[in-house]
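Worksheet: the structure to be examined is printed underneath.
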Amino acid sequence: MSGVLTTEYSVSGMTCSHCENAVKQEVSALESVVDVRVDIPTGRLTVTSATPLDDTQVREAIDEAGYELTGRL
């Protein structure tokens with residue numbers, strides 16, 4: 001892999017480790033994602049990927065997990 005990209009998002013509704021795991025599972029399934037980190041207190045989602053992410057796909061994955069993407073940081 002020649003390089004990776006890190007993209008940060010703001011997600012609302014996450015309050016516990018179950019929330020964290022649900023978001024990680026859905027976002028990790030997206031093509032080219034190599035790492036997902038969730039910071040529950042700040043609602044920050046940090047996604048490392050091999051190629052640029054499609055924000056619509058990220059939003060759909062977070063919706064599927066039961067939370068709301070409130071923006072890109």
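Starting from 1 in every chain, residues are counted up; chains themselves are A, B, ... following the order of the structure tokens, and ligands are numbered from 1 as listed.
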
**OP:** Would you return as a PyMOL selection string the members of chain A that DSSP assigns to helix (DSSP H, G or I) on this structure's backbone?
**Re:** chain A and resi 17-28+55-65

**OP:** Find the spatial neighbours of Pro41 (chain A), counting only C-alpha atoms, within a cut-off of 12 Å - ignore same-chain residues fewer than 6 positions away - and output them as a list in words.
**Re:**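 Residues meeting the cut-off are Ser10, Val11, Ser12, Gly13, Met14, Thr15, Cys16, Ser17, Cys19 and Glu20 of chain A.
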
Those same residues, written as a CSV table (one decimal), in the first residue's frame with C-alpha atoms?
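Result saved to part-v5.csv:
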```
chain,number,residue,atom,x,y,z
A,10,SER,CA,-18.7,13.7,13.8
A,11,VAL,CA,-21.3,11.2,14.8
A,12,SER,CA,-24.2,11.8,17.2
A,13,GLY,CA,-25.9,9.3,19.5
A,14,MET,CA,-23.0,7.1,20.6
A,15,THR,CA,-22.9,6.6,24.3
A,16,CYS,CA,-21.2,3.3,25.1
A,17,SER,CA,-19.0,0.5,23.9
A,19,CYS,CA,-22.3,2.0,20.1
A,20,GLU,CA,-18.6,2.0,19.3
```

Subject >> DSSP strand (DSSP E) residues within chain A, listed as number ranges by chain >> reply: A: 5-12, 33-39, 44-49, 68-72

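Remark: for Ala22 (chain A), the closest of the candidate residues A:Gly71, A:Val38, A:Pro52, A:Glu8 is A:Val38 (distances computed over only C-alpha atoms).
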